file protein.tsv (TSV, C-alpha atoms)
chain	number	residue	atom	x	y	z
V	37	MET	CA	85.41	138.18	-7.94
V	38	ARG	CA	88.37	138.14	-5.65
V	39	GLY	CA	90.30	135.63	-7.76
V	40	SER	CA	89.81	137.40	-11.07
V	41	THR	CA	93.24	139.00	-10.91
V	42	LEU	CA	94.90	135.66	-10.36
V	43	ARG	CA	95.37	133.98	-13.69
V	44	ARG	CA	96.87	130.56	-13.49
V	45	ARG	CA	97.74	129.01	-16.79
V	46	ALA	CA	98.76	125.42	-17.03
V	47	VAL	CA	98.19	122.74	-19.60
V	48	VAL	CA	97.30	119.61	-17.71
V	49	VAL	CA	96.65	117.38	-20.70
V	50	SER	CA	99.09	117.24	-23.56
V	51	ALA	CA	97.95	118.57	-26.92
V	52	PRO	CA	97.64	115.75	-29.46
V	53	CYS	CA	100.86	116.65	-31.31
V	54	GLY	CA	102.34	118.89	-33.92
V	55	TYR	CA	100.23	121.98	-33.23
V	56	LEU	CA	99.25	124.05	-30.26
V	57	SER	CA	95.61	123.48	-29.48
V	58	ILE	CA	94.24	124.87	-26.26
V	59	MET	CA	90.91	125.67	-24.73
V	60	THR	CA	90.33	127.80	-21.69
V	61	VAL	CA	87.81	127.00	-18.97
V	62	ASN	CA	86.80	128.97	-15.90
V	63	VAL	CA	87.31	127.13	-12.60
V	64	LEU	CA	85.11	128.10	-9.62
V	65	LEU	CA	86.01	127.29	-6.01
V	66	PHE	CA	83.81	127.57	-2.93
V	67	ALA	CA	83.87	127.23	0.85
V	68	SER	CA	86.86	125.20	2.10
V	69	TYR	CA	88.37	125.00	-1.39
V	70	ALA	CA	88.28	128.77	-1.85
V	71	ASP	CA	89.67	129.40	1.64
V	72	VAL	CA	92.52	126.93	1.56
V	73	LEU	CA	93.57	127.68	-2.04
V	74	GLY	CA	93.23	131.44	-1.55
V	75	LYS	CA	91.06	132.20	-4.56
V	76	ASN	CA	87.55	131.57	-5.75
V	77	GLN	CA	88.09	131.56	-9.48
V	78	PHE	CA	90.81	131.13	-12.10
V	79	GLU	CA	91.21	130.31	-15.75
V	80	LEU	CA	92.79	127.06	-16.81
V	81	ASP	CA	94.10	126.04	-20.22
V	82	LEU	CA	93.39	122.49	-21.26
V	83	ALA	CA	93.84	120.39	-24.36
V	84	PRO	CA	90.71	119.64	-26.36
V	85	GLY	CA	89.02	116.54	-25.03
V	86	ALA	CA	89.90	117.31	-21.40
V	87	THR	CA	87.31	116.36	-18.81
V	88	ALA	CA	85.87	117.83	-15.63
V	89	GLY	CA	87.94	115.24	-13.78
V	90	ASP	CA	91.10	116.69	-15.32
V	91	VAL	CA	90.21	120.04	-13.76
V	92	LEU	CA	89.74	118.41	-10.37
V	93	GLY	CA	93.10	116.69	-10.75
V	94	HIS	CA	94.74	120.04	-11.40
V	95	VAL	CA	93.03	121.69	-8.43
V	96	GLN	CA	93.89	118.84	-6.08
V	97	ALA	CA	97.56	119.11	-7.07
V	98	LEU	CA	97.71	122.73	-5.87
V	99	PRO	CA	99.63	123.46	-2.65
V	100	GLY	CA	97.47	122.81	0.41
V	101	ALA	CA	94.80	120.84	-1.43
V	102	ALA	CA	95.67	117.62	0.38
V	103	ARG	CA	93.88	119.02	3.43
V	104	LEU	CA	90.60	119.44	1.52
V	105	PRO	CA	87.66	117.06	1.14
V	106	GLN	CA	89.05	114.62	-1.41
V	107	ASN	CA	85.90	113.54	-3.21
V	108	PRO	CA	83.96	116.69	-4.11
V	109	LEU	CA	81.19	116.83	-6.66
V	110	LEU	CA	81.70	118.72	-9.90
V	111	ALA	CA	79.39	121.02	-11.82
V	112	VAL	CA	79.76	122.20	-15.39
V	113	ASN	CA	77.78	125.30	-16.32
V	114	GLU	CA	75.74	125.07	-13.13
V	115	ARG	CA	74.74	121.42	-13.59
V	116	TYR	CA	76.20	118.51	-11.64
V	117	ALA	CA	78.44	116.54	-13.96
V	118	ARG	CA	80.35	113.30	-13.95
V	119	ARG	CA	84.11	113.40	-13.92
V	120	ASP	CA	84.31	112.00	-17.44
V	121	LYS	CA	82.30	114.87	-18.88
V	122	VAL	CA	84.22	116.33	-21.82
V	123	LEU	CA	84.61	120.08	-21.58
V	124	GLU	CA	84.05	122.83	-24.16
V	125	PRO	CA	85.91	126.13	-24.37
V	126	GLY	CA	84.50	128.66	-21.93
V	127	ASP	CA	82.84	126.10	-19.67
V	128	ALA	CA	82.47	127.03	-16.00
V	129	VAL	CA	83.72	124.10	-13.93
V	130	ALA	CA	82.82	124.28	-10.24
V	131	ILE	CA	84.34	122.19	-7.48
V	132	ILE	CA	81.50	121.42	-5.05
V	133	PRO	CA	82.74	120.26	-1.62
V	134	PRO	CA	80.16	118.64	0.68
V	135	VAL	CA	77.14	120.92	0.72
V	136	ALA	CA	75.53	121.98	3.99
V	137	GLY	CA	72.39	123.93	3.21
V	138	GLY	CA	69.34	123.92	5.42
H	45	MET	CA	55.56	128.12	-6.70
H	46	ARG	CA	58.47	130.40	-5.88
H	47	THR	CA	62.04	129.85	-4.68
H	48	ALA	CA	64.80	132.27	-3.78
H	49	ILE	CA	68.22	132.62	-2.24
H	50	VAL	CA	68.01	135.76	-0.10
H	51	ASP	CA	70.48	137.85	1.90
H	52	ARG	CA	67.96	139.31	4.35
H	53	PRO	CA	65.83	137.84	7.14
H	54	ILE	CA	63.09	135.47	5.98
H	55	ASP	CA	59.55	136.78	6.55
H	56	LEU	CA	57.73	133.65	7.68
H	57	ASN	CA	54.29	135.25	7.68
H	58	ALA	CA	54.79	136.43	4.11
H	59	LEU	CA	55.57	132.86	3.04
H	60	LEU	CA	52.42	131.57	4.73
H	61	ALA	CA	50.35	134.25	3.06
H	62	GLU	CA	51.87	133.39	-0.29
H	63	VAL	CA	50.62	129.77	-0.23
H	64	ALA	CA	47.22	130.56	1.31
H	65	ARG	CA	44.28	129.56	-0.89
H	66	THR	CA	40.80	128.48	0.09
H	67	ALA	CA	41.27	125.23	-1.88
H	68	ASN	CA	43.93	124.18	0.62
H	69	GLY	CA	43.03	122.42	3.82
H	70	ALA	CA	46.56	122.02	5.17
H	71	THR	CA	49.57	124.30	5.36
H	72	ILE	CA	53.01	123.21	6.55
H	73	LEU	CA	55.74	125.71	7.40
H	74	PHE	CA	59.18	124.19	7.91
H	75	VAL	CA	61.78	126.52	9.40
H	76	GLY	CA	65.45	125.60	9.73
H	77	THR	CA	67.25	127.63	12.38
H	78	VAL	CA	70.82	128.08	13.57
H	79	ARG	CA	71.40	125.73	16.50
H	80	ASP	CA	73.72	126.51	19.41
H	81	VAL	CA	75.71	123.28	19.23
H	82	ASN	CA	76.94	120.93	16.51
H	83	ASN	CA	78.95	117.75	17.02
H	84	GLY	CA	79.35	118.70	20.65
H	85	ARG	CA	80.88	122.12	19.97
H	86	ALA	CA	79.20	125.32	21.12
H	87	ILE	CA	78.37	127.69	18.27
H	88	THR	CA	77.92	131.45	18.26
H	89	GLY	CA	76.84	131.95	14.66
H	90	MET	CA	77.19	130.86	11.08
H	91	ASP	CA	78.18	132.21	7.67
H	92	TYR	CA	76.20	130.76	4.79
H	93	THR	CA	77.66	131.04	1.30
H	94	ALA	CA	76.33	129.75	-1.99
H	95	TYR	CA	77.14	129.18	-5.62
H	96	THR	CA	74.19	131.47	-6.01
H	97	SER	CA	73.26	131.04	-9.66
H	98	MET	CA	73.40	127.25	-9.45
H	99	ALA	CA	71.72	127.19	-6.04
H	100	GLU	CA	68.80	129.22	-7.36
H	101	ARG	CA	68.37	126.86	-10.30
H	102	GLU	CA	68.73	123.71	-8.21
H	103	LEU	CA	66.25	125.01	-5.62
H	104	ALA	CA	63.76	125.84	-8.37
H	105	ASP	CA	64.20	122.34	-9.81
H	106	ILE	CA	63.48	120.76	-6.42
H	107	ALA	CA	60.36	122.85	-5.84
H	108	GLY	CA	59.23	122.00	-9.37
H	109	GLU	CA	59.67	118.32	-8.60
H	110	ALA	CA	57.57	118.69	-5.44
H	111	VAL	CA	54.86	120.52	-7.39
H	112	ALA	CA	54.70	117.71	-9.95
H	113	LYS	CA	55.00	114.87	-7.45
H	114	PHE	CA	52.49	116.10	-4.89
H	115	GLU	CA	50.13	118.01	-7.17
H	116	THR	CA	50.10	121.44	-5.64
H	117	ASP	CA	51.38	124.75	-6.97
H	118	ASP	CA	51.61	126.19	-3.49
H	119	VAL	CA	55.28	125.64	-2.65
H	120	VAL	CA	57.45	128.58	-1.59
H	121	VAL	CA	61.06	128.19	-0.46
H	122	GLU	CA	63.58	130.78	0.69
H	123	HIS	CA	67.14	130.02	1.80
H	124	ARG	CA	69.11	132.78	3.45
H	125	ILE	CA	72.84	133.39	2.99
H	126	GLY	CA	75.22	135.70	4.86
H	127	THR	CA	76.01	135.84	8.56
H	128	LEU	CA	73.30	134.44	10.83
H	129	GLY	CA	73.04	134.36	14.61
H	130	LEU	CA	71.68	131.68	16.91
H	131	GLY	CA	68.00	131.06	16.29
H	132	ASP	CA	67.92	132.87	12.97
H	133	ALA	CA	65.97	131.15	10.22
H	134	SER	CA	68.30	129.88	7.50
H	135	VAL	CA	65.62	128.20	5.41
H	136	ALA	CA	61.84	128.25	5.26
H	137	ILE	CA	59.56	126.01	3.22
H	138	ALA	CA	55.84	126.77	3.01
H	139	VAL	CA	53.63	124.13	1.41
H	140	ALA	CA	49.85	124.19	1.16
H	141	HIS	CA	47.70	121.38	-0.18
H	142	PRO	CA	44.09	120.26	-0.01
H	143	HIS	CA	45.20	117.41	2.30
H	144	ARG	CA	47.71	117.22	5.14
H	145	GLY	CA	49.42	113.98	4.09
H	146	SER	CA	50.70	115.39	0.83
H	147	ALA	CA	51.56	118.71	2.47
H	148	TYR	CA	53.83	116.97	4.99
H	149	GLU	CA	55.41	114.79	2.32
H	150	ALA	CA	56.07	117.67	-0.04
H	151	SER	CA	57.68	119.70	2.74
H	152	ARG	CA	59.90	116.78	3.71
H	153	TYR	CA	60.83	116.15	0.09
H	154	VAL	CA	62.00	119.73	-0.41
H	155	ILE	CA	64.21	119.91	2.70
H	156	GLU	CA	65.81	116.51	2.16
H	157	GLN	CA	66.60	117.22	-1.49
H	158	LEU	CA	67.81	120.71	-0.62
H	159	LYS	CA	70.30	119.35	1.89
H	160	GLN	CA	71.71	116.94	-0.67
H	161	ARG	CA	71.75	119.00	-3.84
H	162	VAL	CA	71.76	122.76	-3.36
H	163	PRO	CA	75.30	124.19	-3.40
H	164	ILE	CA	75.26	126.08	-0.11
H	165	TRP	CA	77.92	125.88	2.58
H	166	LYS	CA	78.13	126.99	6.17
H	167	LEU	CA	81.07	128.17	8.19
H	168	GLU	CA	80.43	127.59	11.87
H	169	HIS	CA	81.71	130.09	14.44
H	170	TYR	CA	82.69	128.46	17.72
H	171	THR	CA	82.85	129.97	21.18
H	172	ASP	CA	86.64	129.56	21.22
H	173	GLY	CA	86.92	131.91	18.21
H	174	THR	CA	87.70	129.26	15.60
H	175	ARG	CA	85.65	128.64	12.50
H	176	GLU	CA	85.12	125.55	10.41
H	177	TRP	CA	83.32	124.63	7.21
H	178	VAL	CA	80.67	122.04	7.90
H	179	GLY	CA	81.50	118.80	6.16
H	180	ALA	CA	85.12	119.67	5.51
H	181	HIS	CA	87.97	117.86	7.18
H	182	THR	CA	89.91	121.04	7.57
H	183	ARG	CA	89.43	124.20	9.55
H	184	ALA	CA	89.19	127.52	7.81
H	185	ARG	CA	92.47	129.17	6.92
H	186	GLY	CA	94.42	130.55	9.84
H	187	SER	CA	92.21	129.06	12.50
H	188	GLY	CA	94.57	126.59	14.05
H	189	SER	CA	95.00	122.90	14.05
H	190	ARG	CA	92.92	120.34	12.28
H	191	GLN	CA	90.06	118.64	14.04
H	192	GLY	CA	89.82	114.89	13.83
H	193	GLY	CA	86.71	112.81	13.72
H	194	LEU	CA	84.69	114.61	11.06
H	195	ASP	CA	83.81	112.41	8.14
H	196	ASP	CA	82.63	114.34	5.10
H	197	GLN	CA	81.37	111.17	3.47
H	198	ALA	CA	79.05	110.57	6.38
H	199	ILE	CA	77.81	114.13	6.57
H	200	VAL	CA	76.75	114.45	2.96
H	201	ALA	CA	75.45	111.70	0.73
H	202	PRO	CA	75.30	113.30	-2.72
H	203	PRO	CA	73.14	112.01	-5.52
H	204	THR	CA	74.64	108.68	-6.50
H	205	GLU	CA	74.17	109.14	-10.21
H	206	ILE	CA	76.67	111.98	-10.31
H	207	ARG	CA	79.40	110.54	-8.14
H	208	ARG	CA	81.76	108.05	-9.66
call {"tool": "encode", "arguments": {"input": "protein.tsv", "output": "structure tokens"}}
result
Amino acid sequence: MRGSTLRRRAVVVSAPCGYLSIMTVNVLLFASYADVLGKNQFELDLAPGATAGDVLGHVQALPGAARLPQNPLLAVNERYARRDKVLEPGDAVAIIPPVAGG
Amino acid sequence: MRTAIVDRPIDLNALLAEVARTANGATILFVGTVRDVNNGRAITGMDYTAYTSMAERELADIAGEAVAKFETDDVVVEHRIGTLGLGDASVAIAVAHPHRGSAYEASRYVIEQLKQRVPIWKLEHYTDGTREWVGAHTRARGSGSRQGGLDDQAIVAPPTEIRR
């Protein structure tokens, strides 16, 4: 994928304390999100217990994201998921802007 | 039952043949095509993109729901992705059933669910050379100023159980 060479690492939720505990998830972007943010995929480091909504918060803080649809759906491992879904290491978290099939 | 995301033209006759059985008394073929105008803007073509693996699974789920709900195995759906021109078929749904009422309902169920749930997007090409993602507030990168008036909430009403 085009974005595979772009590795963005940022911890968006603080580790509990005292030790470094991180999990990595794969973030997938499509359509307007991929165009405006200039990539369709990147890896993101999160603290254990982070949610799909935390990933969206990170993505929507990226430069240019204010212009994007502000209330996209989320999918975790190819299933629609609520924002409070707790993530596991290696999860694929997709930002799904308004779909337009048909 | 069969569903697919394809990157080649849809063969409508093949879909009809696929659902043909002598037990069926009614066959419905729904074909969605690229229209020449949307929201008052003239269109020259369209790029369809998908989260393909999820779209394939979601489309299969929808067809499976129609099979269970309307009691027929004869449901075939293809959605095309890539660059399409005016009049090209972007989606085709063939449903056959012993009776027409259920055939119509099953066809309608599949297209309405597809439009809400399947992660596919379209980038419209306008006659003035600009392009815009349908449902997005913003134009595609590098294509000029932002258009007002589009409301992504109004265009897509996603399944309520997954939006908080």
call {"tool": "atom_distance", "arguments": {"input": "protein.tsv", "atom1": "atom CA of H:Ala133", "atom2": "atom CA of H:Gly76"}}
result
5.6 Å
call {"tool": "closest_residue", "arguments": {"input": "protein.tsv", "among": "V:Gly74, V:Gly126, V:Gly93, V:Pro99", "to": "chain H", "atoms": "only C-alpha atoms"}}
result
V:Gly74
call {"tool": "closest_atom_pairs", "arguments": {"input": "protein.tsv", "of": "chain V", "to": "chain H", "cutoff": "8 Å", "atoms": "all atoms listed in the file", "output": "CSV"}}
result
residue,atom,partner,partner_atom,distance
V:Phe66,CA,H:Tyr95,CA,7.4
V:Ala67,CA,H:Trp165,CA,6.3
V:Ser68,CA,H:Trp177,CA,6.2
V:Asp71,CA,H:Arg185,CA,6.0
V:Val72,CA,H:Arg185,CA,5.8
V:Arg103,CA,H:Thr182,CA,6.1
V:Leu104,CA,H:Thr182,CA,6.3
V:Pro105,CA,H:Ala180,CA,5.7
V:Leu109,CA,H:Arg207,CA,6.7
V:Glu114,CA,H:Met98,CA,4.9
V:Arg115,CA,H:Met98,CA,7.3
V:Tyr116,CA,H:Ile206,CA,6.7
V:Ala117,CA,H:Ile206,CA,6.1
V:Arg118,CA,H:Ile206,CA,5.3
V:Arg119,CA,H:Arg208,CA,7.2
V:Ile132,CA,H:Pro163,CA,7.0
V:Pro133,CA,H:Ala180,CA,7.5
V:Pro134,CA,H:Gly179,CA,5.6
V:Val135,CA,H:Trp165,CA,5.4
V:Ala136,CA,H:Trp165,CA,4.8
V:Gly137,CA,H:Ile164,CA,4.9
V:Gly138,CA,H:Val135,CA,5.7
call {"tool": "residues_near_point", "arguments": {"input": "protein.tsv", "point": "(92.8, 123.1, -2.7)", "cutoff": "7 Å", "atoms": "all atoms listed in the file", "output": "PyMOL selection string"}}
result
chain V and resi 69+72-73+95-96+98-102+104
call {"tool": "atom_distance", "arguments": {"input": "protein.tsv", "atom1": "atom CA of H:Lys113", "atom2": "atom CA of H:Leu60"}}
result
20.8 Å
call {"tool": "atom_distance", "arguments": {"input": "protein.tsv", "atom1": "atom CA of H:Glu115", "atom2": "atom CA of H:Ala70"}}
result
13.5 Å
call {"tool": "decode", "arguments": {"input": "protein.tsv", "residues": "stretch 98-135 of chain H", "atoms": "N, CA and C atoms", "output": "compact mmCIF listing (two decimals), in the first residue's frame"}}
result
# COMPACT_ATOMS: atom_id res chain seq x y z
N MET H 98 -13.45 -5.93 3.49
CA MET H 98 -14.64 -5.72 4.33
C MET H 98 -15.89 -5.62 3.46
N ALA H 99 -15.77 -4.97 2.32
CA ALA H 99 -16.93 -4.82 1.42
C ALA H 99 -17.42 -6.18 0.95
N GLU H 100 -16.50 -7.07 0.63
CA GLU H 100 -16.90 -8.41 0.19
C GLU H 100 -17.65 -9.14 1.31
N ARG H 101 -17.16 -9.01 2.53
CA ARG H 101 -17.80 -9.70 3.65
C ARG H 101 -19.16 -9.08 3.95
N GLU H 102 -19.22 -7.76 3.94
CA GLU H 102 -20.48 -7.08 4.26
C GLU H 102 -21.54 -7.39 3.19
N LEU H 103 -21.11 -7.41 1.93
CA LEU H 103 -22.04 -7.72 0.84
C LEU H 103 -22.55 -9.15 0.96
N ALA H 104 -21.66 -10.06 1.33
CA ALA H 104 -22.08 -11.45 1.51
C ALA H 104 -23.06 -11.57 2.68
N ASP H 105 -22.81 -10.81 3.75
CA ASP H 105 -23.74 -10.82 4.89
C ASP H 105 -25.13 -10.36 4.46
N ILE H 106 -25.17 -9.27 3.67
CA ILE H 106 -26.46 -8.72 3.24
C ILE H 106 -27.21 -9.72 2.37
N ALA H 107 -26.51 -10.32 1.43
CA ALA H 107 -27.18 -11.31 0.57
C ALA H 107 -27.65 -12.49 1.40
N GLY H 108 -26.86 -12.88 2.39
CA GLY H 108 -27.26 -13.97 3.27
C GLY H 108 -28.51 -13.63 4.07
N GLU H 109 -28.60 -12.38 4.47
CA GLU H 109 -29.80 -11.93 5.19
C GLU H 109 -31.02 -12.00 4.27
N ALA H 110 -30.84 -11.59 3.01
CA ALA H 110 -31.96 -11.63 2.06
C ALA H 110 -32.39 -13.07 1.79
N VAL H 111 -31.43 -13.96 1.69
CA VAL H 111 -31.73 -15.38 1.47
C VAL H 111 -32.57 -15.93 2.63
N ALA H 112 -32.18 -15.59 3.85
CA ALA H 112 -32.90 -16.09 5.02
C ALA H 112 -34.28 -15.45 5.15
N LYS H 113 -34.31 -14.13 4.90
CA LYS H 113 -35.55 -13.37 5.12
C LYS H 113 -36.62 -13.68 4.08
N PHE H 114 -36.19 -13.86 2.84
CA PHE H 114 -37.16 -14.02 1.75
C PHE H 114 -37.21 -15.44 1.19
N GLU H 115 -36.44 -16.33 1.78
CA GLU H 115 -36.53 -17.76 1.46
C GLU H 115 -36.30 -18.06 -0.02
N THR H 116 -35.16 -17.59 -0.49
CA THR H 116 -34.70 -18.03 -1.81
C THR H 116 -33.18 -18.07 -1.78
N ASP H 117 -32.59 -19.03 -2.46
CA ASP H 117 -31.14 -19.07 -2.56
C ASP H 117 -30.64 -18.28 -3.78
N ASP H 118 -31.59 -17.82 -4.59
CA ASP H 118 -31.20 -17.27 -5.88
C ASP H 118 -31.01 -15.76 -5.83
N VAL H 119 -29.93 -15.36 -5.16
CA VAL H 119 -29.56 -13.95 -5.02
C VAL H 119 -28.10 -13.82 -5.48
N VAL H 120 -27.87 -13.00 -6.48
CA VAL H 120 -26.51 -12.77 -6.97
C VAL H 120 -26.28 -11.27 -7.06
N VAL H 121 -25.18 -10.81 -6.47
CA VAL H 121 -24.89 -9.37 -6.44
C VAL H 121 -23.45 -9.13 -6.87
N GLU H 122 -23.26 -8.21 -7.78
CA GLU H 122 -21.90 -7.76 -8.12
C GLU H 122 -21.86 -6.24 -8.02
N HIS H 123 -20.81 -5.73 -7.37
CA HIS H 123 -20.56 -4.28 -7.35
C HIS H 123 -19.21 -4.04 -8.00
N ARG H 124 -19.21 -3.10 -8.92
CA ARG H 124 -17.98 -2.82 -9.67
C ARG H 124 -17.21 -1.68 -9.01
N ILE H 125 -15.89 -1.77 -9.02
CA ILE H 125 -15.04 -0.65 -8.60
C ILE H 125 -14.09 -0.28 -9.73
N GLY H 126 -13.44 0.88 -9.60
CA GLY H 126 -12.58 1.39 -10.66
C GLY H 126 -13.23 2.60 -11.30
N THR H 127 -12.74 2.97 -12.47
CA THR H 127 -13.26 4.16 -13.15
C THR H 127 -14.40 3.77 -14.08
N LEU H 128 -15.55 4.40 -13.90
CA LEU H 128 -16.73 4.10 -14.71
C LEU H 128 -17.17 5.35 -15.46
N GLY H 129 -17.72 5.13 -16.63
CA GLY H 129 -18.25 6.24 -17.43
C GLY H 129 -19.76 6.34 -17.28
N LEU H 130 -20.32 7.39 -17.86
CA LEU H 130 -21.77 7.59 -17.79
C LEU H 130 -22.49 6.37 -18.35
N GLY H 131 -23.50 5.93 -17.62
CA GLY H 131 -24.31 4.81 -18.08
C GLY H 131 -23.75 3.44 -17.73
N ASP H 132 -22.52 3.39 -17.26
CA ASP H 132 -21.95 2.10 -16.88
C ASP H 132 -22.66 1.56 -15.64
N ALA H 133 -22.80 0.25 -15.59
CA ALA H 133 -23.43 -0.38 -14.42
C ALA H 133 -22.41 -0.47 -13.29
N SER H 134 -22.77 0.13 -12.15
CA SER H 134 -21.90 0.06 -10.97
C SER H 134 -22.29 -1.09 -10.06
N VAL H 135 -23.56 -1.45 -10.08
CA VAL H 135 -24.03 -2.55 -9.23
C VAL H 135 -25.17 -3.27 -9.95
